[in-house]
file run.txt (compact mmCIF, C-alpha atoms)
# COMPACT_ATOMS: atom_id res chain seq x y z
CA MET H 64 10.25 -9.86 -17.69
CA THR H 65 6.72 -8.63 -18.42
CA PHE H 66 3.55 -10.70 -18.52
CA ASN H 67 3.14 -12.36 -21.94
CA ILE H 68 -0.39 -13.51 -22.71
CA GLU H 69 0.76 -15.53 -25.73
CA ARG H 70 2.96 -17.73 -23.54
CA LEU H 71 0.01 -18.40 -21.27
CA ILE H 72 -2.20 -19.26 -24.25
CA ASN H 73 0.40 -21.58 -25.76
CA ALA H 74 0.97 -23.32 -22.43
CA ARG H 75 -2.75 -23.95 -21.97
CA LYS H 76 -3.24 -25.20 -25.53
CA ASP H 77 -0.27 -27.58 -25.42
CA ALA H 78 -1.34 -29.06 -22.08
CA ALA H 79 -4.95 -29.48 -23.18
CA THR H 80 -4.15 -31.26 -26.46
CA ARG H 81 -1.66 -33.77 -25.04
CA PHE H 82 -2.99 -34.45 -21.56
CA ALA H 83 -5.93 -36.73 -22.35
CA SER H 84 -3.81 -39.22 -24.34
CA LYS H 85 -1.51 -40.05 -21.43
CA PRO H 86 -1.92 -43.16 -19.21
CA ALA H 87 -3.36 -42.40 -15.80
CA ALA H 88 -0.03 -42.68 -13.95
CA LEU H 89 1.69 -40.36 -16.40
CA ARG H 90 -1.20 -37.91 -16.21
CA TYR H 91 -0.81 -37.54 -12.44
CA ALA H 92 2.96 -37.17 -12.83
CA ALA H 93 2.40 -34.60 -15.54
CA ILE H 94 0.18 -32.55 -13.26
CA GLY H 95 2.95 -32.26 -10.70
CA CYS H 96 5.58 -31.43 -13.30
CA ALA H 97 3.33 -28.90 -14.95
CA ALA H 98 2.62 -27.18 -11.64
CA ILE H 99 6.35 -26.85 -10.95
CA ALA H 100 7.05 -25.62 -14.47
CA LEU H 101 4.24 -23.09 -14.32
CA PHE H 102 5.45 -21.83 -10.96
CA VAL H 103 8.86 -21.15 -12.46
CA LEU H 104 7.35 -19.57 -15.57
CA TYR H 105 4.92 -17.35 -13.70
CA SER H 106 7.53 -16.32 -11.18
CA GLY H 107 9.70 -15.18 -14.08
CA LEU H 108 6.77 -13.21 -15.49
CA GLY H 109 6.41 -11.25 -12.26
CA LEU H 110 3.10 -12.75 -11.18
CA ARG H 111 2.38 -13.57 -7.59
CA ARG H 112 1.04 -17.05 -7.22
CA PRO H 113 -0.14 -19.50 -9.86
CA SER H 114 -2.53 -22.32 -9.20
CA ALA H 115 -3.65 -25.15 -11.45
CA THR H 116 -6.89 -27.09 -11.52
CA ILE H 117 -8.07 -29.97 -13.62
CA HIS H 118 -11.45 -29.55 -15.31
CA ASN H 119 -13.02 -32.85 -16.36
CA THR H 120 -15.31 -31.26 -18.92
CA LYS H 121 -16.96 -34.31 -20.45
CA LYS H 122 -17.16 -38.05 -20.12
CA ALA H 123 -17.11 -39.20 -23.72
CA ASN H 124 -18.46 -42.77 -23.33
CA LYS H 125 -18.95 -45.78 -21.02
CA HIS H 126 -15.18 -46.23 -20.76
CA GLU H 127 -15.10 -42.85 -18.99
CA GLU H 128 -12.67 -41.30 -21.39
CA HIS H 129 -12.01 -37.81 -20.16
CA ASP H 130 -11.37 -34.74 -22.21
CA GLU H 131 -9.17 -33.06 -19.64
CA GLY H 132 -7.33 -29.80 -19.89
CA LEU H 133 -4.83 -28.14 -17.62
CA HIS H 134 -6.25 -24.67 -16.98
CA MET H 135 -4.38 -22.07 -15.00
CA LEU H 136 -6.08 -19.47 -12.84
CA PHE H 137 -3.33 -16.89 -12.80
CA GLN H 138 -2.85 -14.02 -10.43
CA GLY H 139 -2.25 -10.53 -11.67
CA PRO H 140 0.48 -7.98 -11.15
CA THR H 141 0.66 -5.87 -8.02
CA GLY H 142 0.62 -2.13 -7.41
CA GLU H 143 1.29 0.17 -10.34
CA ASP H 144 1.64 -2.77 -12.74
CA ARG H 145 -2.15 -3.22 -12.51
CA CYS H 146 -2.70 0.21 -14.05
CA PHE H 147 0.04 1.35 -16.32
CA GLU H 148 0.85 -0.19 -19.68
CA PRO H 149 4.61 -0.57 -20.35
CA ASP H 150 4.63 2.41 -22.73
CA VAL H 151 2.90 4.62 -20.15
CA LYS H 152 5.36 3.62 -17.43
CA GLU H 153 8.21 4.43 -19.77
CA ARG H 154 6.83 7.91 -20.57
CA PHE H 155 5.67 8.82 -17.05
CA GLY H 156 8.04 6.85 -14.84
CA ASP H 157 9.11 9.80 -12.70
CA GLU H 158 5.52 10.96 -12.13
CA ILE H 159 4.50 7.44 -11.10
CA ASP H 160 7.44 7.12 -8.73
CA ASP H 161 6.63 10.52 -7.21
CA GLY H 162 2.97 9.59 -6.74
CA LYS H 163 1.72 12.26 -9.16
CA GLU H 164 0.27 9.50 -11.34
CA THR H 165 -1.45 7.02 -9.05
CA CYS H 166 -2.91 3.58 -9.63
CA THR H 167 -6.51 3.12 -8.49
CA CYS H 168 -7.05 -0.34 -9.99
CA PRO H 169 -7.90 -2.94 -7.32
CA ASP H 170 -6.75 -6.52 -7.54
CA PRO H 171 -9.23 -8.01 -10.05
CA LEU H 172 -9.01 -11.43 -8.41
CA ILE H 173 -10.20 -10.31 -4.97
CA PRO H 174 -14.02 -9.97 -4.63
CA THR H 175 -14.62 -6.33 -3.71
CA PRO H 176 -17.95 -4.80 -2.59
CA ARG H 177 -18.82 -1.14 -2.12
CA TYR H 178 -19.67 -1.26 1.58
CA ASN H 179 -19.42 2.54 1.76
CA GLU H 180 -22.19 3.00 -0.83
CA PRO H 181 -25.53 1.90 0.67
CA GLU H 182 -27.35 2.44 -2.64
CA TRP H 183 -25.03 -0.04 -4.35
CA MET H 184 -25.42 -2.55 -1.51
CA ASN H 185 -29.21 -2.18 -1.59
CA HIS H 186 -29.24 -2.76 -5.34
CA HIS H 187 -27.15 -5.88 -4.88
CA GLN H 188 -29.61 -7.23 -2.32
CA LEU H 189 -32.57 -6.40 -4.56
CA MET H 190 -31.09 -8.41 -7.42
CA ALA H 191 -30.04 -11.28 -5.14
CA ASP H 192 -33.58 -11.50 -3.75
CA GLU H 193 -35.05 -11.52 -7.26
CA ILE H 194 -32.81 -14.40 -8.26
CA LYS H 195 -33.56 -16.35 -5.08
CA THR H 196 -37.33 -15.99 -5.34
CA THR H 197 -37.89 -16.35 -9.09
CA ASP H 198 -40.09 -19.23 -10.14
CA ARG H 199 -39.25 -18.92 -13.82
CA VAL H 200 -37.15 -21.51 -15.59
CA MET H 201 -34.18 -19.35 -16.54
CA ASP H 202 -32.55 -19.75 -19.93
CA VAL H 203 -29.88 -17.10 -19.52
CA MET H 204 -28.31 -14.97 -16.81
CA LEU H 205 -26.91 -11.74 -18.22
CA ILE H 206 -24.05 -10.50 -16.03
CA GLY H 207 -22.50 -7.06 -16.35
CA ASP H 208 -22.44 -3.40 -15.32
CA SER H 209 -24.52 -0.31 -16.18
CA ILE H 210 -25.01 -1.56 -19.73
CA THR H 211 -26.64 -4.64 -18.24
CA GLU H 212 -28.50 -2.67 -15.55
CA ARG H 213 -30.17 -0.67 -18.30
CA TRP H 214 -31.80 -3.86 -19.55
CA ARG H 215 -33.68 -3.62 -16.23
CA GLY H 216 -34.96 -0.14 -17.13
CA THR H 217 -32.87 1.67 -14.51
CA ARG H 218 -29.55 3.40 -13.93
CA SER H 219 -27.50 4.39 -10.88
CA TYR H 220 -28.13 1.21 -8.86
CA GLY H 221 -31.83 1.16 -9.62
CA GLN H 222 -32.39 4.64 -8.18
CA HIS H 223 -33.58 6.20 -11.43
CA ALA H 224 -35.87 4.88 -14.13
CA LEU H 225 -34.65 5.53 -17.64
CA LEU H 226 -36.63 7.95 -19.77
CA GLU H 227 -36.59 5.30 -22.49
CA ASP H 228 -38.18 2.10 -21.21
CA MET H 229 -35.42 -0.44 -21.87
CA LYS H 230 -37.24 -3.01 -19.76
CA VAL H 231 -39.83 -3.39 -22.49
CA VAL H 232 -37.05 -4.16 -24.95
CA PHE H 233 -35.59 -6.69 -22.52
CA GLN H 234 -38.94 -8.43 -22.06
CA SER H 235 -39.46 -8.66 -25.81
CA ASN H 236 -36.27 -10.72 -25.99
CA PHE H 237 -35.90 -12.40 -22.59
CA ASP H 238 -39.41 -12.94 -21.22
CA ARG H 239 -41.45 -15.69 -22.84
CA THR H 240 -44.69 -14.35 -21.33
CA ALA H 241 -44.10 -11.07 -23.20
CA GLY H 242 -43.26 -12.72 -26.51
CA GLY H 243 -39.56 -13.20 -25.95
CA GLN H 244 -37.78 -16.24 -27.32
CA LEU H 245 -35.95 -16.84 -24.02
CA ASN H 246 -36.38 -16.32 -20.30
CA GLY H 247 -33.57 -14.30 -18.78
CA CYS H 248 -32.49 -12.13 -15.88
CA ALA H 249 -30.11 -9.17 -16.03
CA VAL H 250 -27.83 -8.46 -13.07
CA GLY H 251 -25.40 -5.57 -12.86
CA SER H 252 -24.92 -2.16 -11.27
CA SER H 253 -23.69 1.09 -12.70
CA GLY H 254 -19.92 1.36 -12.60
CA ASP H 255 -19.30 -2.28 -11.72
CA ILE H 256 -15.78 -3.56 -12.29
CA THR H 257 -14.75 -7.21 -12.49
CA ALA H 258 -13.81 -7.43 -8.80
CA GLU H 259 -17.27 -6.15 -7.84
CA THR H 260 -19.01 -8.53 -10.23
CA LEU H 261 -17.06 -11.38 -8.65
CA TRP H 262 -18.34 -10.25 -5.24
CA HIS H 263 -21.93 -10.15 -6.54
CA LEU H 264 -21.62 -13.73 -7.76
CA LYS H 265 -20.06 -14.99 -4.53
CA ASN H 266 -22.64 -13.28 -2.34
CA GLY H 267 -26.09 -14.23 -3.48
CA PHE H 268 -26.23 -14.19 -7.26
CA LEU H 269 -25.76 -17.97 -7.57
CA PRO H 270 -28.03 -19.46 -4.89
CA THR H 271 -28.54 -23.19 -4.54
CA GLY H 272 -31.06 -24.41 -7.06
CA PHE H 273 -30.66 -21.46 -9.42
CA GLN H 274 -29.30 -22.92 -12.62
CA PRO H 275 -29.67 -21.02 -15.88
CA LYS H 276 -28.93 -22.83 -19.12
CA ILE H 277 -26.20 -20.34 -20.08
CA PHE H 278 -24.24 -17.42 -18.59
CA PHE H 279 -23.84 -14.24 -20.66
CA LEU H 280 -20.88 -12.13 -19.56
CA LEU H 281 -20.23 -8.52 -20.58
CA ILE H 282 -17.98 -6.79 -18.04
CA GLY H 283 -14.69 -4.90 -17.98
CA THR H 284 -15.22 -1.47 -19.51
CA ASN H 285 -15.24 0.17 -16.06
CA ASP H 286 -11.96 -1.54 -15.17
CA LEU H 287 -10.43 0.45 -18.04
CA GLY H 288 -12.40 3.63 -17.40
CA ARG H 289 -13.44 4.13 -13.79
CA SER H 290 -10.55 2.19 -12.24
CA GLY H 291 -7.79 2.89 -14.76
CA CYS H 292 -6.72 -0.74 -15.04
CA SER H 293 -4.41 -1.89 -17.79
CA LYS H 294 -5.80 -4.01 -20.61
CA LYS H 295 -4.04 -7.12 -19.27
CA THR H 296 -5.37 -6.62 -15.75
CA THR H 297 -8.86 -6.12 -17.18
CA LEU H 298 -8.53 -9.35 -19.15
CA MET H 299 -7.46 -11.18 -15.99
CA GLY H 300 -10.55 -9.96 -14.16
CA ILE H 301 -12.88 -11.10 -16.94
CA LEU H 302 -11.31 -14.54 -17.23
CA ASN H 303 -11.27 -14.95 -13.45
CA ILE H 304 -15.05 -14.47 -13.36
CA ALA H 305 -15.42 -17.10 -16.07
CA GLU H 306 -13.19 -19.50 -14.15
CA TYR H 307 -15.34 -18.98 -11.05
CA LEU H 308 -18.59 -19.58 -12.97
CA HIS H 309 -17.06 -22.72 -14.44
CA THR H 310 -15.98 -23.93 -11.02
CA VAL H 311 -19.48 -23.50 -9.59
CA HIS H 312 -21.35 -24.76 -12.66
CA PRO H 313 -18.97 -26.61 -15.01
CA GLU H 314 -21.92 -27.92 -17.02
CA ILE H 315 -23.28 -24.45 -17.91
CA PRO H 316 -21.85 -22.80 -21.02
CA ILE H 317 -20.53 -19.24 -20.90
CA LEU H 318 -21.06 -16.74 -23.70
CA PHE H 319 -18.58 -13.87 -23.53
CA HIS H 320 -19.60 -10.66 -25.23
CA GLY H 321 -16.77 -8.44 -26.41
CA LEU H 322 -16.54 -5.06 -24.70
CA LEU H 323 -18.59 -2.50 -26.59
CA PRO H 324 -16.94 0.42 -28.38
CA ARG H 325 -16.54 3.55 -26.28
CA SER H 326 -15.12 7.01 -26.79
CA ASP H 327 -12.27 8.55 -24.82
CA PRO H 328 -12.83 11.26 -22.19
CA ASP H 329 -12.66 14.84 -23.48
CA GLN H 330 -12.97 13.65 -27.07
CA PRO H 331 -15.92 13.89 -29.47
CA LEU H 332 -18.45 11.19 -28.58
CA HIS H 333 -18.27 9.57 -32.01
CA THR H 334 -14.49 9.12 -32.08
CA LEU H 335 -12.50 6.01 -31.17
CA GLY H 336 -9.15 6.31 -29.43
CA VAL H 337 -7.04 4.74 -26.70
CA TYR H 338 -9.94 2.89 -25.04
CA TRP H 339 -10.93 1.26 -28.30
CA LYS H 340 -7.39 0.07 -28.98
CA LYS H 341 -7.32 -1.60 -25.55
CA ILE H 342 -10.80 -3.03 -26.05
CA MET H 343 -9.88 -4.58 -29.40
CA TRP H 344 -6.89 -6.29 -27.78
CA ILE H 345 -8.99 -7.54 -24.85
CA ASN H 346 -11.73 -8.86 -27.13
CA LYS H 347 -9.23 -10.68 -29.29
CA GLU H 348 -7.71 -12.38 -26.25
CA ILE H 349 -11.11 -13.34 -24.80
CA ASN H 350 -11.97 -14.95 -28.13
CA LYS H 351 -8.72 -16.94 -28.02
CA PHE H 352 -9.47 -18.26 -24.55
CA ALA H 353 -13.06 -19.07 -25.43
CA LYS H 354 -11.89 -21.26 -28.29
CA MET H 355 -9.88 -23.40 -25.85
CA HIS H 356 -12.94 -24.40 -23.80
CA LYS H 357 -15.69 -26.62 -25.12
CA ASN H 358 -18.29 -24.74 -23.12
CA TRP H 359 -17.02 -21.19 -23.69
CA TYR H 360 -18.20 -19.03 -26.59
CA TYR H 361 -17.62 -15.51 -27.84
CA MET H 362 -19.71 -12.96 -29.71
CA ASP H 363 -19.12 -9.37 -30.72
CA SER H 364 -21.54 -6.61 -31.70
CA ALA H 365 -19.18 -3.85 -32.79
CA SER H 366 -20.70 -3.91 -36.27
CA ILE H 367 -24.04 -2.79 -34.82
CA PHE H 368 -22.61 0.26 -33.07
CA LEU H 369 -19.82 1.34 -35.47
CA GLN H 370 -19.78 2.85 -38.94
CA ARG H 371 -17.22 4.16 -41.40
CA ASN H 372 -17.25 7.89 -42.05
CA LYS H 373 -17.77 8.31 -45.79
CA LEU H 374 -15.69 11.48 -45.91
CA SER H 375 -12.72 10.68 -43.64
CA GLY H 376 -12.78 6.90 -43.90
CA ASP H 377 -12.46 6.66 -40.10
CA VAL H 378 -14.43 4.10 -38.12
CA GLU H 379 -16.72 5.90 -35.70
CA ILE H 380 -19.35 5.23 -33.05
CA LYS H 381 -22.94 5.58 -34.24
CA THR H 382 -24.03 8.32 -31.87
CA GLU H 383 -27.64 7.81 -32.94
CA LEU H 384 -27.34 4.44 -31.13
CA VAL H 385 -24.75 5.34 -28.45
CA PRO H 386 -25.43 9.03 -27.71
CA ASP H 387 -23.07 9.31 -24.73
CA GLY H 388 -20.22 7.36 -26.34
CA LEU H 389 -20.68 4.42 -23.94
CA HIS H 390 -24.29 3.30 -23.34
CA PRO H 391 -26.62 2.23 -26.14
CA ASN H 392 -30.02 3.94 -26.24
CA LYS H 393 -33.36 2.17 -26.70
CA THR H 394 -32.88 1.87 -30.47
CA GLY H 395 -29.43 0.41 -29.86
CA TYR H 396 -30.85 -2.20 -27.48
CA GLU H 397 -33.61 -3.01 -29.97
CA LEU H 398 -31.02 -3.80 -32.62
CA TRP H 399 -28.66 -5.54 -30.21
CA GLY H 400 -31.08 -7.80 -28.32
CA PRO H 401 -32.05 -10.12 -31.21
CA SER H 402 -28.37 -10.69 -31.99
CA ILE H 403 -27.74 -11.84 -28.42
CA VAL H 404 -30.78 -14.12 -28.52
CA LYS H 405 -29.68 -15.61 -31.85
CA ASN H 406 -26.24 -16.51 -30.48
CA ILE H 407 -27.67 -17.98 -27.27
CA VAL H 408 -30.23 -20.11 -29.10
CA LYS H 409 -27.54 -21.41 -31.43
CA ILE H 410 -25.44 -22.53 -28.44
CA LEU H 411 -28.34 -24.09 -26.55
CA GLU H 412 -29.42 -26.06 -29.61
CA LYS H 413 -26.07 -27.84 -29.81

call {"tool": "encode", "arguments": {"input": "run.txt", "output": "structure tokens"}}
result
Amino acid sequence: MTFNIERLINARKDAATRFASKPAALRYAAIGCAAIALFVLYSGLGLRRPSATIHNTKKANKHEEHDEGLHMLFQGPTGEDRCFEPDVKERFGDEIDDGKETCTCPDPLIPTPRYNEPEWMNHHQLMADEIKTTDRVMDVMLIGDSITERWRGTRSYGQHALLEDMKVVFQSNFDRTAGGQLNGCAVGSSGDITAETLWHLKNGFLPTGFQPKIFFLLIGTNDLGRSGCSKKTTLMGILNIAEYLHTVHPEIPILFHGLLPRSDPDQPLHTLGVYWKKIMWINKEINKFAKMHKNWYYMDSASIFLQRNKLSGDVEIKTELVPDGLHPNKTGYELWGPSIVKNIVKILEK
């Protein structure tokens, strides 16, 4: 049996809505029963090892009424199942078995650094030191990959300054001393996948005493592209990062940003194809999960970067904003930044 995200969603929703109404004794019994049931379910779905944790998200009043939900941190498929969608395995089964089509997607739940790339390691340490030594009250921590690194005005692990000064755009939105509405920091390296982002966070990006008011998370496009992960494995990696952030700082809200539109390799830069179909599915599922958590939120900016071709009727990437089919340019960031700020302010004002 293959992994079914809808069954996971329904299981989480049912547990969350009924759990809080049970007497204490029944709640503890329910936890044990649920763990056993989930073990059976997840074993049948071909996953390796489920675990369950209780998140006491809010004490409602002096009677300590808890809004408790049973949230599962699931483990992903192994080997080739991390890479190949069922339809791909069906079409290329022999090539996969013969090793002609290989899976390069790492386990998204295992923190993975790039020890063999000193430039990447140096960039990680640079960002970790910035976070540790900052004296600014931080409103938001933006977490991501090269798209986030470009907010810093650099690419390729900070080795090259961008010709267009994106840092000025960042400061105009996320530096109060430069006229921004918020204070923020952007952390991410070119090519980062979810497993690498998880390593960043577990190795210096969340030092004691550093406590932003909200986390902004945009990660996963390199899981699909650079690592060749399946859409479901990519989703697992994104949600696992959110679960970790919630475990460390359950009081801090998380704003997921849907993966940005991107073109396929060897296709015109304005066209949408296989990647976009996977991204739309991933974004839809992230939004579903966000709606199940009081402190999780979702936003999407596809409307900024996409347009409909008046002649063909096809939806296309605005190459005047995303010239390489993946990374926004300065004009794209200028249009995008205020939308991010607006969503963050709305959440923080609640």

call {"tool": "atom_distance", "arguments": {"input": "run.txt", "atom1": "atom CA of H:Glu306", "atom2": "atom CA of H:Asp198"}}
result
27.2 Å

call {"tool": "closest_residue", "arguments": {"input": "run.txt", "among": "H:Ala249, H:Cys292, H:Ile210, H:Ile194", "to": "H:Thr271", "atoms": "all atoms listed in the file"}}
result
H:Ile194

call {"tool": "closest_residue", "arguments": {"input": "run.txt", "among": "H:Thr167, H:Phe268, H:Thr211, H:Leu323", "to": "H:Ala191", "atoms": "only C-alpha atoms"}}
result
H:Phe268

call {"tool": "atom_distance", "arguments": {"input": "run.txt", "atom1": "atom CA of H:Leu205", "atom2": "atom CA of H:Gly251"}}
result
8.3 Å

call {"tool": "atom_distance", "arguments": {"input": "run.txt", "atom1": "atom CA of H:Gly388", "atom2": "atom CA of H:His333"}}
result
6.4 Å

call {"tool": "residues_near_point", "arguments": {"input": "run.txt", "point": "(-30.7, -2.9, -14.9)", "cutoff": "9 Å", "atoms": "all atoms listed in the file", "output": "JSON, numbers by chain"}}
result
{"H": [208, 209, 210, 211, 212, 213, 214, 215, 216, 217, 218, 219, 220, 221, 229, 230, 249, 250, 251, 252, 253]}

call {"tool": "axis_aligned_box", "arguments": {"input": "run.txt", "around": "stretch 228-238 of chain H", "padding_each_side": "3 Å", "output": "JSON"}}
result
{"center_x": -37.6, "center_y": -5.4, "center_z": -22.9, "size_x": 10.4, "size_y": 21.0, "size_z": 12.2}

call {"tool": "closest_residue", "arguments": {"input": "run.txt", "among": "H:Thr334, H:Asn266, H:Ser293, H:Ser235", "to": "H:Ser375", "atoms": "all atoms listed in the file"}}
result
H:Thr334

call {"tool": "closest_residue", "arguments": {"input": "run.txt", "among": "H:Leu281, H:Ile410, H:Leu308, H:Met299", "to": "H:Asp363", "atoms": "all atoms listed in the file"}}
result
H:Leu281

call {"tool": "residues_around", "arguments": {"input": "run.txt", "residues": "H:Asn185", "least_positions_apart": "2", "cutoff": "12 Å", "atoms": "all atoms listed in the file", "output": "PyMOL selection string"}}
result
chain H and resi 176-183+187-192+219-222+252+263

call {"tool": "closest_residue", "arguments": {"input": "run.txt", "among": "H:Glu259, H:Asp387, H:Asp170, H:Asp377", "to": "H:Asn285", "atoms": "only C-alpha atoms"}}
result
H:Glu259

call {"tool": "closest_residue", "arguments": {"input": "run.txt", "among": "H:Cys248, H:Ile277, H:Ile380, H:Ile367", "to": "H:Lys195", "atoms": "all atoms listed in the file"}}
result
H:Cys248

call {"tool": "residues_near_point", "arguments": {"input": "run.txt", "point": "(-10.5, 8.6, -29.1)", "cutoff": "12 Å", "atoms": "all atoms listed in the file", "output": "NGL selection string"}}
result
:H and (324-341 or 377-380 or 388)
